[in-house]
>>> print(open('structure.pdb').read())   # PDB, C-alpha atoms
ATOM      1  CA  MET D  28      32.965 -26.315 -23.236
ATOM      2  CA  ARG D  29      29.676 -25.840 -25.037
ATOM      3  CA  LEU D  30      28.764 -29.505 -24.545
ATOM      4  CA  VAL D  31      29.373 -29.208 -20.795
ATOM      5  CA  THR D  32      27.170 -26.099 -20.583
ATOM      6  CA  VAL D  33      24.356 -27.788 -22.467
ATOM      7  CA  THR D  34      24.687 -30.918 -20.361
ATOM      8  CA  ALA D  35      24.674 -28.881 -17.145
ATOM      9  CA  SER D  36      21.624 -26.960 -18.380
ATOM     10  CA  LEU D  37      19.790 -30.192 -19.191
ATOM     11  CA  LEU D  38      20.605 -31.586 -15.757
ATOM     12  CA  PHE D  39      19.326 -28.379 -14.140
ATOM     13  CA  LEU D  40      16.115 -28.469 -16.173
ATOM     14  CA  SER D  41      15.593 -32.109 -15.347
ATOM     15  CA  ALA D  42      16.166 -31.527 -11.629
ATOM     16  CA  ASN D  43      14.010 -28.390 -11.691
ATOM     17  CA  THR D  44      11.143 -30.244 -13.345
ATOM     18  CA  THR D  45      11.350 -32.953 -10.703
ATOM     19  CA  LEU D  46      11.345 -30.365  -7.900
ATOM     20  CA  SER D  47       8.439 -28.475  -9.497
ATOM     21  CA  GLN D  48       6.385 -31.618  -9.718
ATOM     22  CA  ALA D  49       7.169 -32.520  -6.121
ATOM     23  CA  ASP D  50       6.277 -29.050  -4.822
ATOM     24  CA  ALA D  51       3.118 -28.847  -6.925
ATOM     25  CA  GLY D  52       1.932 -32.054  -5.309
ATOM     26  CA  ALA D  53       2.493 -30.484  -1.889
ATOM     27  CA  GLY D  54       0.277 -27.528  -2.800
ATOM     28  CA  GLY D  55       3.045 -25.067  -3.590
ATOM     29  CA  THR D  56       3.999 -23.113  -6.677
ATOM     30  CA  LEU D  57       7.702 -22.841  -7.371
ATOM     31  CA  ASN D  58       7.591 -19.976  -9.865
ATOM     32  CA  PRO D  59       4.365 -17.949  -9.558
ATOM     33  CA  GLU D  60       3.484 -15.326 -12.139
ATOM     34  CA  GLU D  61       4.680 -11.838 -11.260
ATOM     35  CA  LEU D  62       4.344  -8.519 -13.059
ATOM     36  CA  THR D  63       1.723  -9.792 -15.491
ATOM     37  CA  LEU D  64      -1.832  -8.692 -16.155
ATOM     38  CA  ASN D  65      -2.994 -12.180 -15.190
ATOM     39  CA  ARG D  66      -1.358 -11.778 -11.781
ATOM     40  CA  VAL D  67      -2.803  -8.283 -11.286
ATOM     41  CA  MET D  68      -6.312  -9.474 -12.137
ATOM     42  CA  LYS D  69      -5.899 -12.544  -9.903
ATOM     43  CA  ASP D  70      -4.955 -10.237  -7.018
ATOM     44  CA  ILE D  71      -7.989  -8.030  -7.771
ATOM     45  CA  ALA D  72     -10.289 -11.069  -7.888
ATOM     46  CA  GLU D  73      -8.930 -12.145  -4.509
ATOM     47  CA  GLY D  74      -9.582  -8.680  -3.043
ATOM     48  CA  ARG D  75      -5.976  -7.471  -2.917
ATOM     49  CA  THR D  76      -5.276  -3.876  -3.898
ATOM     50  CA  SER D  77      -2.198  -1.688  -3.676
ATOM     51  CA  MET D  78      -0.948   1.478  -5.287
ATOM     52  CA  THR D  79       0.993  -0.601  -7.829
ATOM     53  CA  ILE D  80      -1.925  -2.888  -8.658
ATOM     54  CA  CYS D  81      -4.350   0.023  -8.992
ATOM     55  CA  ALA D  82      -1.933   2.047 -11.141
ATOM     56  CA  THR D  83      -1.747  -0.873 -13.571
ATOM     57  CA  GLY D  84      -5.307  -0.013 -14.582
ATOM     58  CA  TYR D  85      -3.944   2.996 -16.484
ATOM     59  CA  TYR D  86      -2.002   0.715 -18.828
ATOM     60  CA  ILE D  87      -4.902  -1.671 -19.118
ATOM     61  CA  THR D  88      -7.384   1.013 -20.178
ATOM     62  CA  LYS D  89      -4.862   2.688 -22.499
ATOM     63  CA  SER D  90      -4.470  -0.676 -24.249
ATOM     64  CA  GLY D  91      -8.220  -0.690 -24.938
ATOM     65  CA  ARG D  92      -9.144  -3.397 -22.419
ATOM     66  CA  HIS D  93     -11.835  -1.256 -20.838
ATOM     67  CA  GLU D  94     -13.844  -4.086 -19.265
ATOM     68  CA  MET D  95     -10.728  -5.366 -17.518
ATOM     69  CA  ALA D  96      -9.795  -1.822 -16.454
ATOM     70  CA  ARG D  97     -13.306  -1.254 -15.138
ATOM     71  CA  GLU D  98     -13.078  -4.407 -12.988
ATOM     72  CA  LEU D  99      -9.719  -3.317 -11.573
ATOM     73  CA  PHE D 100     -10.622   0.342 -11.017
ATOM     74  CA  GLU D 101     -13.948  -0.490  -9.399
ATOM     75  CA  ARG D 102     -12.298  -2.814  -6.874
ATOM     76  CA  CYS D 103      -9.565  -0.240  -6.182
ATOM     77  CA  ALA D 104     -12.093   2.595  -5.863
ATOM     78  CA  GLU D 105     -14.159   0.587  -3.411
ATOM     79  CA  ALA D 106     -10.960   0.084  -1.399
ATOM     80  CA  GLY D 107     -10.557   3.878  -1.203
ATOM     81  CA  TRP D 108      -7.996   4.618  -3.938
ATOM     82  CA  THR D 109      -9.108   8.041  -5.181
ATOM     83  CA  GLY D 110      -7.172   7.821  -8.454
ATOM     84  CA  ALA D 111      -9.243   4.751  -9.301
ATOM     85  CA  MET D 112     -12.408   6.735  -8.533
ATOM     86  CA  THR D 113     -11.446   9.369 -11.087
ATOM     87  CA  TRP D 114     -10.719   6.645 -13.629
ATOM     88  CA  MET D 115     -14.116   5.040 -12.958
ATOM     89  CA  SER D 116     -15.626   8.453 -13.631
ATOM     90  CA  GLN D 117     -13.761   8.693 -16.916
ATOM     91  CA  LEU D 118     -14.927   5.215 -17.970
ATOM     92  CA  ASP D 119     -18.557   5.959 -17.038
ATOM     93  CA  ASP D 120     -18.528   9.423 -18.594
ATOM     94  CA  ASN D 121     -17.273   8.080 -21.915
ATOM     95  CA  GLY D 122     -19.040   4.714 -22.040
ATOM     96  CA  LEU D 123     -15.829   2.670 -21.937
ATOM     97  CA  GLY D 124     -16.287  -0.916 -20.825
ATOM     98  CA  GLY D 125     -19.964  -0.211 -20.136
ATOM     99  CA  PRO D 126     -22.727   2.189 -21.072
ATOM    100  CA  GLU D 127     -22.197   5.951 -20.853
ATOM    101  CA  ASN D 128     -23.485   7.008 -17.451
ATOM    102  CA  PRO D 129     -22.990  10.682 -16.467
ATOM    103  CA  ASP D 130     -24.784  10.142 -13.131
ATOM    104  CA  ALA D 131     -22.369   7.385 -12.108
ATOM    105  CA  ALA D 132     -19.416   9.453 -13.367
ATOM    106  CA  ALA D 133     -20.450  12.426 -11.228
ATOM    107  CA  GLU D 134     -20.912  10.149  -8.211
ATOM    108  CA  TRP D 135     -17.354   8.809  -8.591
ATOM    109  CA  ASP D 136     -16.105  12.408  -8.877
ATOM    110  CA  ARG D 137     -18.034  13.357  -5.731
ATOM    111  CA  ARG D 138     -16.569  10.459  -3.787
ATOM    112  CA  ALA D 139     -13.019  11.351  -4.864
ATOM    113  CA  ALA D 140     -13.648  15.022  -4.015
ATOM    114  CA  GLU D 141     -14.996  14.173  -0.566
ATOM    115  CA  ALA D 142     -11.932  12.008   0.026
ATOM    116  CA  GLY D 143      -9.787  15.097  -0.620
ATOM    117  CA  ASP D 144      -8.461  14.266  -4.090
ATOM    118  CA  PRO D 145      -7.670  17.470  -6.060
ATOM    119  CA  VAL D 146      -8.539  15.865  -9.420
ATOM    120  CA  GLY D 147     -11.809  14.614  -7.935
ATOM    121  CA  LYS D 148     -12.561  18.130  -6.667
ATOM    122  CA  PHE D 149     -11.802  19.629 -10.068
ATOM    123  CA  ASN D 150     -13.907  17.064 -11.946
ATOM    124  CA  TYR D 151     -16.814  17.318  -9.518
ATOM    125  CA  GLY D 152     -16.641  21.104  -9.785
ATOM    126  CA  LEU D 153     -16.916  20.754 -13.572
ATOM    127  CA  ASP D 154     -19.861  18.355 -13.175
ATOM    128  CA  LEU D 155     -21.648  20.876 -10.963
ATOM    129  CA  MET D 156     -20.924  23.823 -13.241
ATOM    130  CA  ARG D 157     -22.150  21.913 -16.302
ATOM    131  CA  GLY D 158     -25.023  20.136 -14.617
ATOM    132  CA  ARG D 159     -23.750  16.829 -16.026
ATOM    133  CA  GLY D 160     -24.778  13.896 -13.876
ATOM    134  CA  VAL D 161     -25.857  16.256 -11.072
ATOM    135  CA  VAL D 162     -28.103  19.269 -10.660
ATOM    136  CA  GLU D 163     -26.307  22.362 -11.926
ATOM    137  CA  ASN D 164     -24.824  24.458  -9.126
ATOM    138  CA  LYS D 165     -22.216  26.868 -10.481
ATOM    139  CA  ALA D 166     -21.385  28.412  -7.101
ATOM    140  CA  LEU D 167     -20.658  25.052  -5.482
ATOM    141  CA  GLY D 168     -18.770  23.952  -8.591
ATOM    142  CA  ARG D 169     -16.519  27.003  -8.350
ATOM    143  CA  ARG D 170     -15.818  26.244  -4.690
ATOM    144  CA  TYR D 171     -14.628  22.743  -5.597
ATOM    145  CA  ILE D 172     -12.491  24.130  -8.424
ATOM    146  CA  ASP D 173     -11.036  26.730  -6.051
ATOM    147  CA  GLU D 174     -10.091  23.964  -3.604
ATOM    148  CA  ALA D 175      -8.399  22.018  -6.406
ATOM    149  CA  ALA D 176      -6.565  25.189  -7.503
ATOM    150  CA  ASP D 177      -5.478  25.849  -3.913
ATOM    151  CA  SER D 178      -4.069  22.298  -3.862
ATOM    152  CA  GLY D 179      -1.902  23.250  -6.837
ATOM    153  CA  LEU D 180      -3.747  21.453  -9.641
ATOM    154  CA  PRO D 181      -2.639  23.280 -12.823
ATOM    155  CA  SER D 182      -5.877  22.767 -14.783
ATOM    156  CA  ALA D 183      -7.908  24.143 -11.858
ATOM    157  CA  ARG D 184      -5.609  27.147 -11.597
ATOM    158  CA  ARG D 185      -5.962  27.752 -15.335
ATOM    159  CA  LEU D 186      -9.765  27.540 -15.179
ATOM    160  CA  LYS D 187      -9.951  29.838 -12.167
ATOM    161  CA  GLY D 188      -7.591  32.301 -13.851
ATOM    162  CA  ALA D 189      -9.838  32.345 -16.919
ATOM    163  CA  GLY D 190     -12.871  33.369 -14.881
ATOM    164  CA  TYR D 191     -14.272  29.792 -14.894
ATOM    165  CA  ASP D 192     -14.692  29.806 -18.703
ATOM    166  CA  LEU D 193     -15.218  26.075 -19.281
ATOM    167  CA  ASP D 194     -13.935  26.362 -22.860
ATOM    168  CA  VAL D 195     -10.451  26.708 -21.352
ATOM    169  CA  VAL D 196     -10.530  23.073 -20.190
ATOM    170  CA  THR D 197     -12.960  21.541 -22.670
ATOM    171  CA  PRO D 198     -11.927  20.719 -26.229
ATOM    172  CA  ASP D 199     -14.445  22.169 -28.674
ATOM    173  CA  ALA D 200     -14.983  18.641 -30.026
ATOM    174  CA  ASP D 201     -16.704  17.828 -26.699
ATOM    175  CA  ASN D 202     -19.106  20.792 -26.705
ATOM    176  CA  TRP D 203     -21.990  18.583 -27.865
ATOM    177  CA  LYS D 204     -21.494  16.373 -24.825
ATOM    178  CA  TYR D 205     -21.728  19.182 -22.301
ATOM    179  CA  ALA D 206     -24.467  21.213 -23.970
ATOM    180  CA  PRO D 207     -27.701  21.641 -21.965
ATOM    181  CA  ALA D 208     -30.160  18.815 -22.603
ATOM    182  CA  PHE D 209     -33.195  21.128 -22.837
TER     183      PHE D 209
END
>>> encode(input="structure.pdb", output="structure tokens")
Amino acid sequence: MRLVTVTASLLFLSANTTLSQADAGAGGTLNPEELTLNRVMKDIAEGRTSMTICATGYYITKSGRHEMARELFERCAEAGWTGAMTWMSQLDDNGLGGPENPDAAAEWDRRAAEAGDPVGKFNYGLDLMRGRGVVENKALGRRYIDEAADSGLPSARRLKGAGYDLDVVTPDADNWKYAPAF
């Protein structure tokens, strides 16, 4: 029985190889890559975005491939995916996959906020309250945070409930980053 199975498998592989070669000559691909980073990045390079493709950027950046994540998130953000905008902000704010750029980070937050994203509103509100990447405007920052809280964002609700005390949402290890530059 084993010999028959092996023989049948070899015949299948032989026939499959012949079919693959025939189809490849006709311009087709019998078994294209799916569910791989190579496929995701090929789709991005060809201008295709989707919720699934854009969400893959989370895994890419968490694996430390920040340049690759930046390429994916930037394409997705330009296509209007607000979650990708907030990730671009995070990359720019922390210098991941490129130089630290608070101005660019705040601009991504603004774009996400204007598109109605609660996380974008919260982050842009923080930018405005801190004066990081934008001119400080605490009143406008609080309005954005209020909108995010009204949308149900827990961190915005917590900040609002604490009287907008930024220490509630900022680890003390980051205080140097958000200190006034003057």
>>> closest_residue(input="structure.pdb", among="D:Gly74, D:Gly160, D:Gly110, D:Gly124", to="Ala96 of chain D", atoms="only C-alpha atoms")
D:Gly124
>>> residues_around(input="structure.pdb", residues="segment 98-102 of chain D", least_positions_apart="5", cutoff="10 Å", atoms="only C-alpha atoms", output="number ranges by chain")
D: 67-68, 70-72, 74-76, 80-85, 87-88, 93, 107-116, 118, 124, 135
>>> closest_residue(input="structure.pdb", among="D:Leu153, D:Ala206, D:Asp120, D:Arg92", to="Leu167 of chain D", atoms="all atoms listed in the file")
D:Leu153
>>> resolve_selection(input="structure.pdb", expression="the PyMOL selection byres ((chain D and resi 176) around 10)", output="list in words")
Pro145, Val146, Lys148, Phe149, Arg170, Tyr171, Ile172, Asp173, Glu174, Ala175, Asp177, Ser178, Gly179, Leu180, Pro181, Ser182, Ala183, Arg184, Arg185, Leu186, Lys187 and Gly188 of chain D
>>> write_last_selection(input="structure.pdb", atoms="C-alpha atoms", output="PDB file, in the coordinates of the input")
ATOM      1  CA  PRO D 145      -7.670  17.470  -6.060  1.00  0.00           C
ATOM      2  CA  VAL D 146      -8.539  15.865  -9.420  1.00  0.00           C
ATOM      3  CA  LYS D 148     -12.561  18.130  -6.667  1.00  0.00           C
ATOM      4  CA  PHE D 149     -11.802  19.629 -10.068  1.00  0.00           C
ATOM      5  CA  ARG D 170     -15.818  26.244  -4.690  1.00  0.00           C
ATOM      6  CA  TYR D 171     -14.628  22.743  -5.597  1.00  0.00           C
ATOM      7  CA  ILE D 172     -12.491  24.130  -8.424  1.00  0.00           C
ATOM      8  CA  ASP D 173     -11.036  26.730  -6.051  1.00  0.00           C
ATOM      9  CA  GLU D 174     -10.091  23.964  -3.604  1.00  0.00           C
ATOM     10  CA  ALA D 175      -8.399  22.018  -6.406  1.00  0.00           C
ATOM     11  CA  ASP D 177      -5.478  25.849  -3.913  1.00  0.00           C
ATOM     12  CA  SER D 178      -4.069  22.298  -3.862  1.00  0.00           C
ATOM     13  CA  GLY D 179      -1.902  23.250  -6.837  1.00  0.00           C
ATOM     14  CA  LEU D 180      -3.747  21.453  -9.641  1.00  0.00           C
ATOM     15  CA  PRO D 181      -2.639  23.280 -12.823  1.00  0.00           C
ATOM     16  CA  SER D 182      -5.877  22.767 -14.783  1.00  0.00           C
ATOM     17  CA  ALA D 183      -7.908  24.143 -11.858  1.00  0.00           C
ATOM     18  CA  ARG D 184      -5.609  27.147 -11.597  1.00  0.00           C
ATOM     19  CA  ARG D 185      -5.962  27.752 -15.335  1.00  0.00           C
ATOM     20  CA  LEU D 186      -9.765  27.540 -15.179  1.00  0.00           C
ATOM     21  CA  LYS D 187      -9.951  29.838 -12.167  1.00  0.00           C
ATOM     22  CA  GLY D 188      -7.591  32.301 -13.851  1.00  0.00           C
TER      23      GLY D 188
END
>>> closest_residue(input="structure.pdb", among="D:Asp194, D:Glu141, D:Glu94, D:Asp136", to="Gly122 of chain D", atoms="only C-alpha atoms")
D:Glu94
>>> atom_distance(input="structure.pdb", atom1="atom CA of Tyr191 of chain D", atom2="atom CA of Lys165 of chain D")
9.5 Å
>>> residues_around(input="structure.pdb", residues="Ala133 of chain D", least_positions_apart="2", cutoff="9 Å", atoms="all atoms listed in the file", output="PyMOL selection string")
chain D and resi 116+119-120+128-131+135-138+150-151+154-155+159-161
>>> write_last_selection(input="structure.pdb", atoms="C-alpha atoms", output="PDB file, in the coordinates of the input")
ATOM      1  CA  SER D 116     -15.626   8.453 -13.631  1.00  0.00           C
ATOM      2  CA  ASP D 119     -18.557   5.959 -17.038  1.00  0.00           C
ATOM      3  CA  ASP D 120     -18.528   9.423 -18.594  1.00  0.00           C
ATOM      4  CA  ASN D 128     -23.485   7.008 -17.451  1.00  0.00           C
ATOM      5  CA  PRO D 129     -22.990  10.682 -16.467  1.00  0.00           C
ATOM      6  CA  ASP D 130     -24.784  10.142 -13.131  1.00  0.00           C
ATOM      7  CA  ALA D 131     -22.369   7.385 -12.108  1.00  0.00           C
ATOM      8  CA  TRP D 135     -17.354   8.809  -8.591  1.00  0.00           C
ATOM      9  CA  ASP D 136     -16.105  12.408  -8.877  1.00  0.00           C
ATOM     10  CA  ARG D 137     -18.034  13.357  -5.731  1.00  0.00           C
ATOM     11  CA  ARG D 138     -16.569  10.459  -3.787  1.00  0.00           C
ATOM     12  CA  ASN D 150     -13.907  17.064 -11.946  1.00  0.00           C
ATOM     13  CA  TYR D 151     -16.814  17.318  -9.518  1.00  0.00           C
ATOM     14  CA  ASP D 154     -19.861  18.355 -13.175  1.00  0.00           C
ATOM     15  CA  LEU D 155     -21.648  20.876 -10.963  1.00  0.00           C
ATOM     16  CA  ARG D 159     -23.750  16.829 -16.026  1.00  0.00           C
ATOM     17  CA  GLY D 160     -24.778  13.896 -13.876  1.00  0.00           C
ATOM     18  CA  VAL D 161     -25.857  16.256 -11.072  1.00  0.00           C
TER      19      VAL D 161
END
>>> atom_distance(input="structure.pdb", atom1="atom CA of Gly147 of chain D", atom2="atom CA of Ala132 of chain D")
10.7 Å
>>> atom_distance(input="structure.pdb", atom1="atom CA of Gly190 of chain D", atom2="atom CA of Glu163 of chain D")
17.6 Å
>>> closest_residue(input="structure.pdb", among="D:Ala106, D:Glu60, D:Gly168, D:Ala139", to="Gly152 of chain D", atoms="only C-alpha atoms")
D:Gly168
>>> build_atoms(input="structure.pdb", residues="segment 81-92 of chain D", atoms="all heavy atoms", output="PDB file, in the coordinates of the input")
ATOM      1  N   CYS D  81      -3.348  -0.924  -8.503  1.00  0.00           N
ATOM      2  CA  CYS D  81      -4.350   0.023  -8.992  1.00  0.00           C
ATOM      3  C   CYS D  81      -3.805   0.878 -10.128  1.00  0.00           C
ATOM      4  O   CYS D  81      -4.530   1.186 -11.081  1.00  0.00           O
ATOM      5  CB  CYS D  81      -4.876   0.879  -7.846  1.00  0.00           C
ATOM      6  SG  CYS D  81      -5.743  -0.108  -6.591  1.00  0.00           S
ATOM      7  N   ALA D  82      -2.534   1.252 -10.072  1.00  0.00           N
ATOM      8  CA  ALA D  82      -1.933   2.047 -11.141  1.00  0.00           C
ATOM      9  C   ALA D  82      -1.839   1.266 -12.442  1.00  0.00           C
ATOM     10  O   ALA D  82      -1.834   1.855 -13.528  1.00  0.00           O
ATOM     11  CB  ALA D  82      -0.559   2.541 -10.715  1.00  0.00           C
ATOM     12  N   THR D  83      -1.800  -0.048 -12.370  1.00  0.00           N
ATOM     13  CA  THR D  83      -1.747  -0.873 -13.571  1.00  0.00           C
ATOM     14  C   THR D  83      -2.986  -0.672 -14.437  1.00  0.00           C
ATOM     15  O   THR D  83      -2.938  -0.842 -15.648  1.00  0.00           O
ATOM     16  CB  THR D  83      -1.598  -2.359 -13.186  1.00  0.00           C
ATOM     17  OG1 THR D  83      -0.439  -2.502 -12.366  1.00  0.00           O
ATOM     18  CG2 THR D  83      -1.436  -3.242 -14.405  1.00  0.00           C
ATOM     19  N   GLY D  84      -4.078  -0.263 -13.828  1.00  0.00           N
ATOM     20  CA  GLY D  84      -5.307  -0.013 -14.582  1.00  0.00           C
ATOM     21  C   GLY D  84      -5.122   1.023 -15.674  1.00  0.00           C
ATOM     22  O   GLY D  84      -5.780   0.965 -16.722  1.00  0.00           O
ATOM     23  N   TYR D  85      -4.223   1.984 -15.462  1.00  0.00           N
ATOM     24  CA  TYR D  85      -3.944   2.996 -16.484  1.00  0.00           C
ATOM     25  C   TYR D  85      -3.474   2.320 -17.769  1.00  0.00           C
ATOM     26  O   TYR D  85      -3.968   2.605 -18.858  1.00  0.00           O
ATOM     27  CB  TYR D  85      -2.892   3.978 -15.970  1.00  0.00           C
ATOM     28  CG  TYR D  85      -2.419   4.946 -17.024  1.00  0.00           C
ATOM     29  CD1 TYR D  85      -3.155   6.088 -17.315  1.00  0.00           C
ATOM     30  CD2 TYR D  85      -1.243   4.724 -17.729  1.00  0.00           C
ATOM     31  CE1 TYR D  85      -2.740   6.983 -18.288  1.00  0.00           C
ATOM     32  CE2 TYR D  85      -0.814   5.607 -18.697  1.00  0.00           C
ATOM     33  CZ  TYR D  85      -1.564   6.736 -18.975  1.00  0.00           C
ATOM     34  OH  TYR D  85      -1.149   7.606 -19.936  1.00  0.00           O
ATOM     35  N   TYR D  86      -2.521   1.412 -17.650  1.00  0.00           N
ATOM     36  CA  TYR D  86      -2.002   0.715 -18.828  1.00  0.00           C
ATOM     37  C   TYR D  86      -3.057  -0.187 -19.448  1.00  0.00           C
ATOM     38  O   TYR D  86      -3.120  -0.334 -20.660  1.00  0.00           O
ATOM     39  CB  TYR D  86      -0.745  -0.078 -18.468  1.00  0.00           C
ATOM     40  CG  TYR D  86       0.352   0.822 -17.982  1.00  0.00           C
ATOM     41  CD1 TYR D  86       0.667   0.894 -16.637  1.00  0.00           C
ATOM     42  CD2 TYR D  86       1.043   1.641 -18.873  1.00  0.00           C
ATOM     43  CE1 TYR D  86       1.662   1.743 -16.183  1.00  0.00           C
ATOM     44  CE2 TYR D  86       2.034   2.495 -18.432  1.00  0.00           C
ATOM     45  CZ  TYR D  86       2.337   2.539 -17.089  1.00  0.00           C
ATOM     46  OH  TYR D  86       3.312   3.386 -16.647  1.00  0.00           O
ATOM     47  N   ILE D  87      -3.864  -0.784 -18.609  1.00  0.00           N
ATOM     48  CA  ILE D  87      -4.902  -1.671 -19.118  1.00  0.00           C
ATOM     49  C   ILE D  87      -5.917  -0.886 -19.944  1.00  0.00           C
ATOM     50  O   ILE D  87      -6.265  -1.276 -21.053  1.00  0.00           O
ATOM     51  CB  ILE D  87      -5.587  -2.431 -17.955  1.00  0.00           C
ATOM     52  CG1 ILE D  87      -4.586  -3.385 -17.288  1.00  0.00           C
ATOM     53  CG2 ILE D  87      -6.799  -3.201 -18.460  1.00  0.00           C
ATOM     54  CD1 ILE D  87      -5.086  -4.004 -15.997  1.00  0.00           C
ATOM     55  N   THR D  88      -6.382   0.245 -19.430  1.00  0.00           N
ATOM     56  CA  THR D  88      -7.384   1.013 -20.178  1.00  0.00           C
ATOM     57  C   THR D  88      -6.769   1.662 -21.417  1.00  0.00           C
ATOM     58  O   THR D  88      -7.405   1.736 -22.462  1.00  0.00           O
ATOM     59  CB  THR D  88      -8.124   2.029 -19.297  1.00  0.00           C
ATOM     60  OG1 THR D  88      -9.318   2.422 -19.967  1.00  0.00           O
ATOM     61  CG2 THR D  88      -7.299   3.249 -18.986  1.00  0.00           C
ATOM     62  N   LYS D  89      -5.516   2.096 -21.330  1.00  0.00           N
ATOM     63  CA  LYS D  89      -4.862   2.688 -22.499  1.00  0.00           C
ATOM     64  C   LYS D  89      -4.640   1.657 -23.598  1.00  0.00           C
ATOM     65  O   LYS D  89      -4.522   2.009 -24.766  1.00  0.00           O
ATOM     66  CB  LYS D  89      -3.539   3.354 -22.117  1.00  0.00           C
ATOM     67  CG  LYS D  89      -3.728   4.648 -21.349  1.00  0.00           C
ATOM     68  CD  LYS D  89      -4.460   5.657 -22.208  1.00  0.00           C
ATOM     69  CE  LYS D  89      -4.564   6.997 -21.555  1.00  0.00           C
ATOM     70  NZ  LYS D  89      -5.202   7.989 -22.388  1.00  0.00           N
ATOM     71  N   SER D  90      -4.610   0.375 -23.245  1.00  0.00           N
ATOM     72  CA  SER D  90      -4.470  -0.676 -24.249  1.00  0.00           C
ATOM     73  C   SER D  90      -5.821  -1.061 -24.854  1.00  0.00           C
ATOM     74  O   SER D  90      -5.884  -1.930 -25.716  1.00  0.00           O
ATOM     75  CB  SER D  90      -3.791  -1.907 -23.646  1.00  0.00           C
ATOM     76  OG  SER D  90      -4.675  -2.590 -22.770  1.00  0.00           O
ATOM     77  N   GLY D  91      -6.894  -0.420 -24.388  1.00  0.00           N
ATOM     78  CA  GLY D  91      -8.220  -0.690 -24.938  1.00  0.00           C
ATOM     79  C   GLY D  91      -8.987  -1.791 -24.233  1.00  0.00           C
ATOM     80  O   GLY D  91     -10.084  -2.145 -24.662  1.00  0.00           O
ATOM     81  N   ARG D  92      -8.465  -2.322 -23.164  1.00  0.00           N
ATOM     82  CA  ARG D  92      -9.144  -3.397 -22.419  1.00  0.00           C
ATOM     83  C   ARG D  92     -10.006  -2.768 -21.327  1.00  0.00           C
ATOM     84  O   ARG D  92      -9.755  -2.926 -20.133  1.00  0.00           O
ATOM     85  CB  ARG D  92      -8.117  -4.338 -21.823  1.00  0.00           C
ATOM     86  CG  ARG D  92      -7.265  -5.016 -22.859  1.00  0.00           C
ATOM     87  CD  ARG D  92      -6.192  -5.848 -22.215  1.00  0.00           C
ATOM     88  NE  ARG D  92      -5.271  -6.316 -23.229  1.00  0.00           N
ATOM     89  CZ  ARG D  92      -3.994  -6.512 -23.018  1.00  0.00           C
ATOM     90  NH1 ARG D  92      -3.472  -6.310 -21.831  1.00  0.00           N
ATOM     91  NH2 ARG D  92      -3.227  -6.926 -23.992  1.00  0.00           N
TER      92      ARG D  92
END
